[in-house]
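One file, input.cif, carrying mmCIF, C-alpha atoms:
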data_my_file
loop_
_atom_site.label_atom_id
_atom_site.label_comp_id
_atom_site.auth_asym_id
_atom_site.auth_seq_id
_atom_site.Cartn_x
_atom_site.Cartn_y
_atom_site.Cartn_z
CA MET A 1 -11.14 7.01 -19.74
CA SER A 2 -10.03 5.98 -23.24
CA LYS A 3 -7.92 9.14 -23.48
CA THR A 4 -6.22 8.22 -20.21
CA ILE A 5 -5.49 4.77 -21.54
CA THR A 6 -4.15 6.05 -24.86
CA LEU A 7 -1.87 8.54 -23.16
CA ARG A 8 -0.73 5.98 -20.61
CA ARG A 9 0.14 3.57 -23.46
CA ARG A 10 2.20 6.30 -25.11
CA VAL A 11 4.06 6.97 -21.86
CA GLU A 12 4.67 3.25 -21.43
CA ALA A 13 5.92 2.90 -25.00
CA ALA A 14 8.31 5.84 -24.44
CA GLY A 15 9.54 4.09 -21.26
CA ARG A 16 10.20 0.88 -23.17
CA ARG A 17 12.15 2.79 -25.84
CA THR A 18 14.29 4.46 -23.17
CA ALA A 19 14.85 1.09 -21.48
CA GLU A 20 15.95 -0.36 -24.82
CA ALA A 21 18.37 2.55 -25.39
CA LEU A 22 19.76 2.10 -21.89
CA ARG A 23 20.16 -1.62 -22.48
CA ARG A 24 22.20 -0.92 -25.64
CA PHE A 25 24.33 1.58 -23.67
CA PHE A 26 25.11 -1.08 -21.03
CA ARG A 27 25.86 -3.72 -23.69
CA ARG A 28 28.36 -1.48 -25.46
CA ARG A 29 30.17 -1.08 -22.16
CA GLY A 30 29.96 -4.78 -21.32
CA VAL A 31 27.90 -4.20 -18.19
CA PHE A 32 25.41 -6.93 -17.29
CA VAL A 33 22.44 -5.45 -15.44
CA VAL A 34 20.48 -7.30 -12.77
CA ASN A 35 17.17 -5.84 -11.51
CA LEU A 36 16.58 -7.20 -7.99
CA ILE A 37 12.89 -7.34 -7.03
CA GLY A 38 11.47 -8.29 -3.64
CA SER A 39 9.43 -7.10 -0.68
CA PRO A 40 10.89 -4.67 1.85
CA GLY A 41 13.14 -6.74 4.06
CA SER A 42 13.34 -9.73 1.74
CA GLY A 43 17.13 -9.48 2.02
CA LYS A 44 18.22 -7.82 -1.21
CA THR A 45 20.85 -5.56 0.37
CA SER A 46 22.13 -8.33 2.66
CA LEU A 47 22.53 -10.59 -0.37
CA LEU A 48 24.69 -7.94 -2.09
CA GLU A 49 26.71 -7.49 1.11
CA ALA A 50 27.33 -11.23 1.25
CA ALA A 51 28.34 -11.25 -2.43
CA ALA A 52 30.57 -8.17 -2.12
CA PRO A 53 33.91 -9.96 -1.62
CA ARG A 54 33.56 -11.55 -5.09
CA LEU A 55 32.04 -8.43 -6.68
CA ARG A 56 34.57 -5.86 -5.51
CA GLY A 57 36.23 -4.04 -8.40
CA LYS A 58 33.74 -5.34 -10.93
CA ALA A 59 30.28 -4.25 -9.83
CA ALA A 60 28.26 -1.16 -8.98
CA VAL A 61 24.91 -0.85 -7.25
CA ILE A 62 21.87 1.43 -7.59
CA GLN A 63 19.64 1.45 -4.51
CA GLY A 64 15.92 2.25 -4.59
CA ASP A 65 14.05 3.07 -1.39
CA LEU A 66 11.23 5.40 -0.48
CA GLU A 67 13.45 7.24 1.99
CA THR A 68 16.94 7.23 3.63
CA ASP A 69 20.34 6.44 2.13
CA GLU A 70 21.02 3.61 4.56
CA ASP A 71 21.35 0.99 1.85
CA LYS A 72 23.82 3.08 -0.15
CA ARG A 73 25.98 3.40 2.95
CA ARG A 74 25.75 -0.33 3.69
CA ILE A 75 26.90 -1.14 0.16
CA GLU A 76 29.75 1.40 0.27
CA ARG A 77 30.94 -0.07 3.58
CA VAL A 78 31.48 -3.43 1.85
CA GLY A 79 33.52 -1.74 -0.87
CA LEU A 80 31.15 -1.31 -3.82
CA PRO A 81 30.22 2.00 -5.46
CA ALA A 82 26.56 2.80 -4.86
CA TYR A 83 23.98 5.41 -5.84
CA GLN A 84 20.78 5.93 -3.85
CA ILE A 85 17.43 6.82 -5.43
CA ASN A 86 14.65 7.91 -3.04
CA THR A 87 11.21 7.59 -4.56
CA ILE A 88 9.40 9.14 -1.50
CA SER A 89 6.07 7.49 -2.30
CA GLY A 90 6.93 5.82 -5.62
CA CYS A 91 6.39 2.08 -5.60
CA HIS A 92 9.00 1.14 -8.21
CA LEU A 93 12.08 2.55 -9.96
CA ASP A 94 11.53 3.93 -13.45
CA VAL A 95 13.88 4.05 -16.38
CA GLY A 96 14.37 7.85 -16.18
CA GLN A 97 15.70 7.50 -12.64
CA ILE A 98 18.15 4.82 -13.78
CA ARG A 99 19.32 6.92 -16.73
CA ARG A 100 20.08 9.82 -14.38
CA ALA A 101 21.77 7.55 -11.81
CA VAL A 102 24.06 5.94 -14.38
CA GLY A 103 25.95 9.18 -14.93
CA GLN A 104 26.83 9.26 -11.23
CA LEU A 105 28.36 5.81 -11.00
CA PRO A 106 31.86 4.63 -12.02
CA LEU A 107 31.00 1.94 -14.58
CA ASP A 108 34.35 1.81 -16.41
CA ASN A 109 35.46 -1.51 -14.97
CA ALA A 110 32.05 -2.76 -13.99
CA ARG A 111 31.05 -6.17 -15.27
CA PHE A 112 27.79 -6.04 -13.28
CA LEU A 113 25.31 -3.37 -12.29
CA PHE A 114 22.86 -4.45 -9.62
CA ILE A 115 19.71 -2.34 -9.35
CA GLU A 116 18.00 -2.96 -6.03
CA ASN A 117 14.42 -1.95 -6.75
CA VAL A 118 12.00 -0.42 -4.24
CA GLY A 119 10.84 -3.05 -1.75
CA ASN A 120 7.70 -4.34 -3.42
CA LEU A 121 7.03 -7.78 -4.87
CA VAL A 122 4.29 -6.54 -7.23
CA CYS A 123 4.80 -3.25 -9.09
CA PRO A 124 8.49 -3.39 -10.12
CA ALA A 125 7.70 -6.57 -12.09
CA SER A 126 5.83 -4.46 -14.66
CA PHE A 127 8.63 -2.03 -15.53
CA GLU A 128 11.68 -2.40 -17.76
CA ILE A 129 14.54 -0.27 -16.52
CA GLY A 130 17.30 -1.32 -18.90
CA GLU A 131 18.11 -4.60 -17.18
CA ASP A 132 19.31 -7.83 -18.76
CA ILE A 133 17.47 -9.96 -16.22
CA LYS A 134 15.19 -9.62 -13.24
CA VAL A 135 15.96 -11.67 -10.13
CA ALA A 136 13.17 -12.10 -7.57
CA VAL A 137 14.20 -12.21 -3.91
CA VAL A 138 11.82 -13.92 -1.48
CA SER A 139 12.69 -14.68 2.13
CA VAL A 140 11.61 -17.93 3.74
CA THR A 141 10.30 -15.86 6.68
CA GLU A 142 7.56 -14.52 4.36
CA GLY A 143 5.90 -17.94 4.39
CA ASP A 144 5.81 -20.82 1.95
CA ASP A 145 2.62 -19.65 0.23
CA LYS A 146 4.23 -16.57 -1.33
CA PRO A 147 5.29 -17.93 -4.76
CA ALA A 148 1.72 -19.23 -5.29
CA LYS A 149 0.09 -15.99 -4.15
CA TYR A 150 2.50 -13.50 -5.77
CA PRO A 151 3.65 -15.12 -9.02
CA VAL A 152 3.82 -11.90 -11.07
CA ALA A 153 7.50 -11.16 -10.34
CA LEU A 154 8.43 -14.83 -10.80
CA ARG A 155 6.93 -14.91 -14.31
CA VAL A 156 9.23 -12.12 -15.50
CA ALA A 157 12.32 -13.18 -13.53
CA ALA A 158 15.20 -15.36 -14.69
CA ALA A 159 15.88 -16.55 -11.14
CA MET A 160 14.35 -16.59 -7.68
CA VAL A 161 16.58 -16.38 -4.62
CA LEU A 162 15.10 -17.81 -1.43
CA THR A 163 16.88 -15.90 1.35
CA LYS A 164 17.31 -16.24 5.13
CA THR A 165 17.52 -20.04 4.91
CA ASP A 166 19.50 -20.02 8.18
CA LEU A 167 16.18 -19.26 9.91
CA LEU A 168 14.42 -22.36 8.52
CA PRO A 169 14.85 -24.38 11.77
CA HIS A 170 12.77 -21.75 13.58
CA LEU A 171 9.97 -21.52 10.99
CA ARG A 172 7.04 -23.57 9.79
CA CYS A 173 8.10 -23.20 6.16
CA ASP A 174 8.03 -25.85 3.45
CA ILE A 175 10.81 -24.50 1.20
CA GLU A 176 10.18 -27.24 -1.34
CA ARG A 177 6.62 -26.01 -1.75
CA MET A 178 8.04 -22.54 -2.52
CA GLU A 179 10.28 -24.02 -5.20
CA ARG A 180 7.51 -26.13 -6.72
CA ASP A 181 5.03 -23.22 -6.89
CA ALA A 182 7.68 -20.92 -8.36
CA VAL A 183 8.46 -23.34 -11.16
CA VAL A 184 4.74 -23.73 -11.88
CA ALA A 185 4.59 -19.92 -12.29
CA ASN A 186 7.65 -19.97 -14.55
CA PRO A 187 9.11 -23.28 -15.74
CA GLU A 188 12.31 -21.54 -16.90
CA LEU A 189 13.03 -20.09 -13.45
CA ARG A 190 16.36 -20.91 -11.76
CA VAL A 191 16.03 -21.22 -8.00
CA PHE A 192 18.74 -20.58 -5.40
CA ARG A 193 18.65 -21.06 -1.64
CA CYS A 194 20.77 -18.45 0.09
CA SER A 195 21.66 -17.22 3.54
CA ALA A 196 23.50 -13.92 3.73
CA ARG A 197 24.41 -14.80 7.31
CA THR A 198 26.05 -18.19 6.68
CA GLY A 199 26.96 -17.52 3.03
CA GLU A 200 25.01 -20.57 1.85
CA GLY A 201 24.25 -20.42 -1.87
CA VAL A 202 25.92 -17.09 -2.57
CA ASP A 203 28.74 -18.62 -4.63
CA ALA A 204 26.30 -20.72 -6.65
CA LEU A 205 24.26 -17.62 -7.43
CA LEU A 206 27.33 -15.63 -8.50
CA ASP A 207 28.66 -18.54 -10.60
CA TRP A 208 25.34 -18.63 -12.42
CA LEU A 209 25.27 -14.84 -12.93
CA GLU A 210 28.77 -14.94 -14.43
CA GLU A 211 27.74 -17.77 -16.72
CA VAL A 212 24.60 -15.92 -17.89
CA ALA A 213 26.54 -12.69 -18.38
CA ALA A 214 29.20 -14.52 -20.41
CA ARG A 215 26.56 -16.16 -22.63
CA ARG A 216 24.92 -12.86 -23.49
CA MET B 217 0.48 14.74 -19.94
CA SER B 218 -1.79 17.41 -18.43
CA LYS B 219 -4.85 15.62 -19.82
CA THR B 220 -3.68 12.38 -18.18
CA ILE B 221 -3.30 14.17 -14.86
CA THR B 222 -6.71 15.87 -15.09
CA LEU B 223 -8.46 12.60 -15.91
CA ARG B 224 -6.55 10.75 -13.20
CA ARG B 225 -7.59 13.39 -10.65
CA ARG B 226 -11.23 12.94 -11.69
CA VAL B 227 -10.96 9.16 -11.29
CA GLU B 228 -9.33 9.64 -7.88
CA ALA B 229 -12.03 12.07 -6.78
CA ALA B 230 -14.72 9.58 -7.87
CA GLY B 231 -12.91 6.89 -5.84
CA ARG B 232 -12.90 9.11 -2.77
CA ARG B 233 -16.63 9.79 -3.15
CA THR B 234 -17.35 6.05 -3.41
CA ALA B 235 -15.17 5.42 -0.35
CA GLU B 236 -17.11 8.05 1.58
CA ALA B 237 -20.44 6.49 0.55
CA LEU B 238 -19.19 3.06 1.60
CA ARG B 239 -18.01 4.48 4.93
CA ARG B 240 -21.50 5.90 5.56
CA PHE B 241 -23.02 2.50 4.68
CA PHE B 242 -20.76 0.75 7.21
CA ARG B 243 -21.50 3.37 9.90
CA ARG B 244 -25.26 2.97 9.52
CA ARG B 245 -24.80 -0.76 10.14
CA GLY B 246 -22.41 -0.23 13.05
CA VAL B 247 -19.52 -2.00 11.29
CA PHE B 248 -16.03 -0.71 12.11
CA VAL B 249 -13.69 -1.27 9.16
CA VAL B 250 -9.98 -1.96 9.50
CA ASN B 251 -7.76 -1.86 6.40
CA LEU B 252 -4.70 -4.07 7.07
CA ILE B 253 -1.62 -3.04 5.07
CA GLY B 254 1.70 -4.86 4.96
CA SER B 255 4.17 -6.67 2.73
CA PRO B 256 3.47 -10.19 1.49
CA GLY B 257 4.20 -12.47 4.42
CA SER B 258 4.19 -9.75 7.06
CA GLY B 259 1.69 -11.89 8.97
CA LYS B 260 -1.67 -10.25 8.30
CA THR B 261 -3.62 -13.50 7.89
CA SER B 262 -1.86 -15.16 10.83
CA LEU B 263 -2.76 -12.18 13.02
CA LEU B 264 -6.45 -12.60 12.09
CA GLU B 265 -6.20 -16.34 12.76
CA ALA B 266 -4.76 -15.62 16.21
CA ALA B 267 -7.50 -13.07 16.90
CA ALA B 268 -10.31 -15.33 15.61
CA PRO B 269 -11.41 -16.81 18.96
CA ARG B 270 -12.38 -13.32 20.15
CA LEU B 271 -13.75 -12.20 16.78
CA ARG B 272 -16.03 -15.15 16.06
CA GLY B 273 -19.65 -14.10 15.60
CA LYS B 274 -18.79 -10.43 15.32
CA ALA B 275 -16.37 -10.00 12.44
CA ALA B 276 -16.02 -10.67 8.73
CA VAL B 277 -12.93 -10.57 6.52
CA ILE B 278 -12.18 -9.52 2.94
CA GLN B 279 -8.93 -10.99 1.58
CA GLY B 280 -6.88 -9.37 -1.17
CA ASP B 281 -4.21 -11.35 -2.99
CA LEU B 282 -2.92 -11.45 -6.53
CA GLU B 283 -3.90 -15.10 -6.87
CA THR B 284 -5.30 -18.11 -4.94
CA ASP B 285 -8.05 -18.28 -2.32
CA GLU B 286 -5.77 -19.77 0.35
CA ASP B 287 -6.28 -16.90 2.75
CA LYS B 288 -10.07 -17.09 2.49
CA ARG B 289 -9.90 -20.78 3.33
CA ARG B 290 -7.56 -20.15 6.27
CA ILE B 291 -9.94 -17.54 7.68
CA GLU B 292 -13.00 -19.77 7.18
CA ARG B 293 -11.22 -22.63 8.97
CA VAL B 294 -10.95 -20.45 12.10
CA GLY B 295 -14.67 -19.68 11.95
CA LEU B 296 -14.95 -16.25 10.34
CA PRO B 297 -16.84 -15.46 7.13
CA ALA B 298 -14.43 -14.42 4.38
CA TYR B 299 -14.51 -13.17 0.80
CA GLN B 300 -11.48 -13.42 -1.49
CA ILE B 301 -10.55 -10.78 -4.06
CA ASN B 302 -7.87 -11.75 -6.60
CA THR B 303 -6.26 -8.74 -8.24
CA ILE B 304 -4.07 -10.87 -10.63
CA SER B 305 -1.50 -8.10 -11.13
CA GLY B 306 -3.15 -5.26 -9.18
CA CYS B 307 -0.95 -3.91 -6.39
CA HIS B 308 -3.76 -2.74 -4.06
CA LEU B 309 -7.49 -3.20 -3.44
CA ASP B 310 -9.75 -0.48 -4.80
CA VAL B 311 -13.04 0.76 -3.48
CA GLY B 312 -15.08 -0.76 -6.33
CA GLN B 313 -13.80 -4.22 -5.41
CA ILE B 314 -14.80 -3.65 -1.78
CA ARG B 315 -18.27 -2.42 -2.78
CA ARG B 316 -18.85 -5.58 -4.81
CA ALA B 317 -17.45 -7.82 -2.04
CA VAL B 318 -19.67 -6.33 0.66
CA GLY B 319 -22.81 -7.76 -0.94
CA GLN B 320 -21.35 -11.27 -0.63
CA LEU B 321 -20.57 -11.14 3.09
CA PRO B 322 -22.92 -11.64 6.07
CA LEU B 323 -22.50 -8.31 7.86
CA ASP B 324 -25.72 -8.36 9.92
CA ASN B 325 -24.08 -9.11 13.26
CA ALA B 326 -20.62 -7.88 12.33
CA ARG B 327 -19.04 -5.31 14.60
CA PHE B 328 -15.80 -5.43 12.60
CA LEU B 329 -14.85 -5.86 8.98
CA PHE B 330 -11.16 -6.56 8.41
CA ILE B 331 -9.91 -5.91 4.89
CA GLU B 332 -6.60 -7.63 4.33
CA ASN B 333 -5.09 -5.61 1.49
CA VAL B 334 -2.76 -6.98 -1.20
CA GLY B 335 0.68 -7.69 0.25
CA ASN B 336 2.46 -4.40 -0.43
CA LEU B 337 3.75 -1.85 2.08
CA VAL B 338 3.65 1.03 -0.43
CA CYS B 339 0.68 1.32 -2.82
CA PRO B 340 -2.31 0.43 -0.57
CA ALA B 341 -1.37 3.39 1.66
CA SER B 342 -2.59 5.78 -1.06
CA PHE B 343 -6.13 4.42 -1.46
CA GLU B 344 -9.26 4.90 0.65
CA ILE B 345 -11.51 1.85 0.44
CA GLY B 346 -14.19 2.83 2.94
CA GLU B 347 -12.21 1.98 6.07
CA ASP B 348 -12.34 3.69 9.46
CA ILE B 349 -8.66 3.13 10.10
CA LYS B 350 -5.61 1.65 8.44
CA VAL B 351 -3.36 -0.66 10.47
CA ALA B 352 0.16 -1.30 9.19
CA VAL B 353 1.60 -4.77 9.74
CA VAL B 354 5.40 -5.11 9.74
CA SER B 355 7.22 -8.27 10.76
CA VAL B 356 10.43 -8.11 12.78
CA THR B 357 11.96 -10.52 10.25
CA GLU B 358 11.86 -7.70 7.66
CA GLY B 359 14.63 -5.90 9.55
CA ASP B 360 14.69 -2.98 11.94
CA ASP B 361 15.29 -0.37 9.20
CA LYS B 362 11.85 -0.81 7.60
CA PRO B 363 9.85 1.93 9.44
CA ALA B 364 12.57 4.47 8.52
CA LYS B 365 12.74 3.34 4.90
CA TYR B 366 9.02 2.76 4.24
CA PRO B 367 7.19 5.39 6.33
CA VAL B 368 4.35 6.01 3.82
CA ALA B 369 1.95 3.43 5.28
CA LEU B 370 2.82 4.45 8.84
CA ARG B 371 1.88 8.07 8.16
CA VAL B 372 -1.68 7.13 7.20
CA ALA B 373 -2.11 4.34 9.76
CA ALA B 374 -3.66 4.57 13.23
CA ALA B 375 -1.54 1.67 14.48
CA MET B 376 1.47 -0.43 13.55
CA VAL B 377 1.61 -4.09 14.55
CA LEU B 378 5.08 -5.56 14.80
CA THR B 379 4.56 -9.28 14.14
CA LYS B 380 6.58 -12.50 14.56
CA THR B 381 8.13 -11.28 17.82
CA ASP B 382 8.66 -14.93 18.82
CA LEU B 383 11.50 -14.99 16.27
CA LEU B 384 13.40 -12.07 17.87
CA PRO B 385 15.89 -14.33 19.70
CA HIS B 386 17.06 -15.62 16.29
CA LEU B 387 17.35 -12.22 14.59
CA ARG B 388 19.61 -9.20 14.68
CA CYS B 389 16.69 -6.83 15.07
CA ASP B 390 16.45 -3.76 17.30
CA ILE B 391 12.67 -3.65 17.82
CA GLU B 392 12.96 -0.43 19.82
CA ARG B 393 14.51 1.25 16.80
CA MET B 394 11.48 0.15 14.74
CA GLU B 395 9.17 1.72 17.31
CA ARG B 396 11.18 4.95 17.53
CA ASP B 397 11.35 5.40 13.73
CA ALA B 398 7.64 4.63 13.36
CA VAL B 399 6.68 7.30 15.89
CA VAL B 400 8.97 9.79 14.13
CA ALA B 401 7.00 9.07 10.93
CA ASN B 402 3.68 9.46 12.76
CA PRO B 403 3.63 10.74 16.35
CA GLU B 404 -0.03 9.62 16.76
CA LEU B 405 0.75 6.00 15.85
CA ARG B 406 -0.12 3.26 18.35
CA VAL B 407 2.38 0.42 18.33
CA PHE B 408 1.72 -3.21 19.26
CA ARG B 409 4.14 -6.12 19.47
CA CYS B 410 2.45 -9.37 18.47
CA SER B 411 3.21 -12.99 17.87
CA ALA B 412 0.50 -15.02 16.18
CA ARG B 413 2.36 -18.14 17.31
CA THR B 414 2.50 -17.39 21.07
CA GLY B 415 -0.48 -15.03 21.14
CA GLU B 416 1.62 -12.19 22.58
CA GLY B 417 -0.04 -8.82 22.14
CA VAL B 418 -3.16 -10.04 20.34
CA ASP B 419 -5.48 -9.23 23.24
CA ALA B 420 -3.97 -5.78 23.67
CA LEU B 421 -4.55 -5.07 19.98
CA LEU B 422 -8.17 -6.28 20.12
CA ASP B 423 -8.85 -4.31 23.33
CA TRP B 424 -7.61 -1.19 21.57
CA LEU B 425 -9.66 -1.87 18.42
CA GLU B 426 -12.81 -2.30 20.54
CA GLU B 427 -12.06 0.94 22.34
CA VAL B 428 -11.49 2.85 19.08
CA ALA B 429 -14.66 1.35 17.53
CA ALA B 430 -16.71 2.30 20.60
CA ARG B 431 -15.41 5.87 20.53
CA ARG B 432 -16.36 6.42 16.89
#
Could you spell out this file's structure in structure tokens?
Amino acid sequence: MSKTITLRRRVEAAGRRTAEALRRFFRRRGVFVVNLIGSPGSGKTSLLEAAAPRLRGKAAVIQGDLETDEDKRRIERVGLPAYQINTISGCHLDVGQIRRAVGQLPLDNARFLFIENVGNLVCPASFEIGEDIKVAVVSVTEGDDKPAKYPVALRVAAAMVLTKTDLLPHLRCDIERMERDAVVANPELRVFRCSARTGEGVDALLDWLEEVAARR
Amino acid sequence: MSKTITLRRRVEAAGRRTAEALRRFFRRRGVFVVNLIGSPGSGKTSLLEAAAPRLRGKAAVIQGDLETDEDKRRIERVGLPAYQINTISGCHLDVGQIRRAVGQLPLDNARFLFIENVGNLVCPASFEIGEDIKVAVVSVTEGDDKPAKYPVALRVAAAMVLTKTDLLPHLRCDIERMERDAVVANPELRVFRCSARTGEGVDALLDWLEEVAARR
């Protein structure tokens, strides 16, 4: 077992070095990288679709899913360049996949690169893939106990986006409890309430991202 | 790297042997074990709450979450014995955790043991924890593309439960597409539509589970 652990640590250290090299590559090009983490169906792609009108011409997207290129096609339909990674059974994107994807995307005018991780609120939190910040996406339809029960992603994220707020009238969901528990997990966390359907909160989120990217 | 892989294979083989021993233990006692797999907030606990009136006196529950014992308390409130496992950052339950939990639960009159895995539609699909069957839980609020994009759990499951159907009138969700894609992933899969709120489909699911348990 100790050999496994030693070798795993070496692999992890190599991953962190590659992530750091990738981060420097993005910085030189002025690309701010956002790693979107959330369960399958938390609304990550819909959020990018809703944000597309303001992102067009200055953002690119990498999509991670087990299978299909549906998300790539959705993103291209709203006018953003996209690259799909299929992990088949892999539960998170790794830095090698991002390094290979980057060569396939037009980043020359990109101010932002959004990496939509594999739908999974747990594992992607543990991996650096060259991003500047992680943003956790949690839908209100998942229930108001989720930030308390799954705080791992929130601890490493700069922001949490609560999505699908248009459905709140039909749910028993105490959104304020979600916000309170999230800030207990990470007192530095910024919280946004968004609906991709109505557009609520999308501008506030993008304003904040531009501000953070400018400060870097 | 090859040493890592060899050692990992040995650990996996040991896990499978423990799972097989645990399965034999449950069989001797006449306990049918259901491993519930689904994203955080897919409605696994709510489904058990809705099924509790028929399960009382003949079922026990093991809860897996990163943190909190909320689910244990919810299950106990509806009259079923429950044991909570907190994985902290672990993305799935493992067979050692189940073995230790079993000693803490009253299984003498139990016909069923439900193991609610950590909220994650990907990783728990790869691990045997002594169960007779896996049941995948997917909520309609996650979007109708989820069975196509996350087929891993469906391939190893005996049934898929589509939850939160009471919300369908408020969603753009083609539930028939979910069913079609799921059966493409696994032609043997049984599909149930359930609402924990209205009770829709819960009896049909329990009838089927009793039938499958009796056939074993």
Exercise: residues within 7 Å of coordinate (32.2, -7.5, -16.3), counting all atoms listed in the file, as a ChimeraX atom specification = /A:30-32,58,109-112
Save out the residues we just selected, C-alpha atoms, as an mmCIF file, keeping the file's coordinate frame.
data_model
loop_
_atom_site.group_PDB
_atom_site.id
_atom_site.type_symbol
_atom_site.label_atom_id
_atom_site.label_comp_id
_atom_site.auth_asym_id
_atom_site.auth_seq_id
_atom_site.Cartn_x
_atom_site.Cartn_y
_atom_site.Cartn_z
ATOM 1 C CA GLY A 30 29.960 -4.780 -21.320
ATOM 2 C CA VAL A 31 27.900 -4.200 -18.190
ATOM 3 C CA PHE A 32 25.410 -6.930 -17.290
ATOM 4 C CA LYS A 58 33.740 -5.340 -10.930
ATOM 5 C CA ASN A 109 35.460 -1.510 -14.970
ATOM 6 C CA ALA A 110 32.050 -2.760 -13.990
ATOM 7 C CA ARG A 111 31.050 -6.170 -15.270
ATOM 8 C CA PHE A 112 27.790 -6.040 -13.280
#
task = Report as a ChimeraX atom specification the residues that result from applying the PyMOL selection byres ((chain A and resi 38-54) around 8) to the structure here.
result = /A:36-37,55-56,71,74-75,78-80,116-121,136-139,142,163-164,195-197,199,202-203,206 /B:255-256,336-337,357-359,362
inquiry  = Report, in Å to a single decimal, how far apart atom CA of Arg245 of chain B and atom CA of Gly319 of chain B are.
reply    =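 Taking atom CA of Gly319 of chain B and atom CA of Arg245 of chain B, their separation equals 13.3 Å.
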task = Run through the PyMOL selection byres ((chain B) within 6 of (chain A)) on the given coordinates and return the selected residues as a ChimeraX atom specification.
result = /B:220,257,282-284,307,338,358-359,365-366
task = Report the residues retrieved by the PyMOL selection byres ((chain A and resi 160) around 7) from the displayed file, expressed as a PyMOL selection string.
result = chain A and resi 135-137+154+159+161-162+189-192
request  = Kindly indicate which residue among B:Val250, B:Ile331, B:Cys389, B:Leu238 lies nearest to Ala298 of chain B, using only C-alpha atoms for the distances.
outcome  =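 Closest to Ala298 of chain B of all the choices is B:Ile331.
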ask   = Rounded to one decimal in Å, what is the spacing between atom CA of Gln84 of chain A and atom CA of Glu12 of chain A?
value =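 Computing the Euclidean distance for atom CA of Gln84 of chain A and atom CA of Glu12 of chain A yields 24.0 Å.
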key: Distance of atom CA of Asp132 of chain A from atom CA of Ile98 of chain A, expressed in Å to one decimal place   =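 We find that atom CA of Ile98 of chain A and atom CA of Asp132 of chain A lie 13.6 Å from each other.
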request  = Select, from A:Val33, A:Ala214, A:Cys194, A:Val95, the residue with the minimum atom-to-atom distance to Arg17 of chain A, counting only C-alpha atoms.
outcome  =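 Ranking A:Val33, A:Ala214, A:Cys194, A:Val95 by distance to Arg17 of chain A, first place goes to A:Val95.
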What are the centre and the three edge lengths of an axis-aligned box that wraps all atoms of segment 184-199 of chain A in the file, given that 5 Å is added to every side, written as AutoDock Vina command-line options and rounded to one decimal in Å?
--center_x 15.8 --center_y -18.8 --center_z -4.8 --size_x 32.4 --size_y 19.8 --size_z 34.2
key: Test item: residues at most 9 Å from Asn186 of chain A, only C-alpha atoms, excluding those fewer than 3 positions along its chain, as a ChimeraX atom specification   = /A:151,154-158,181-183,189
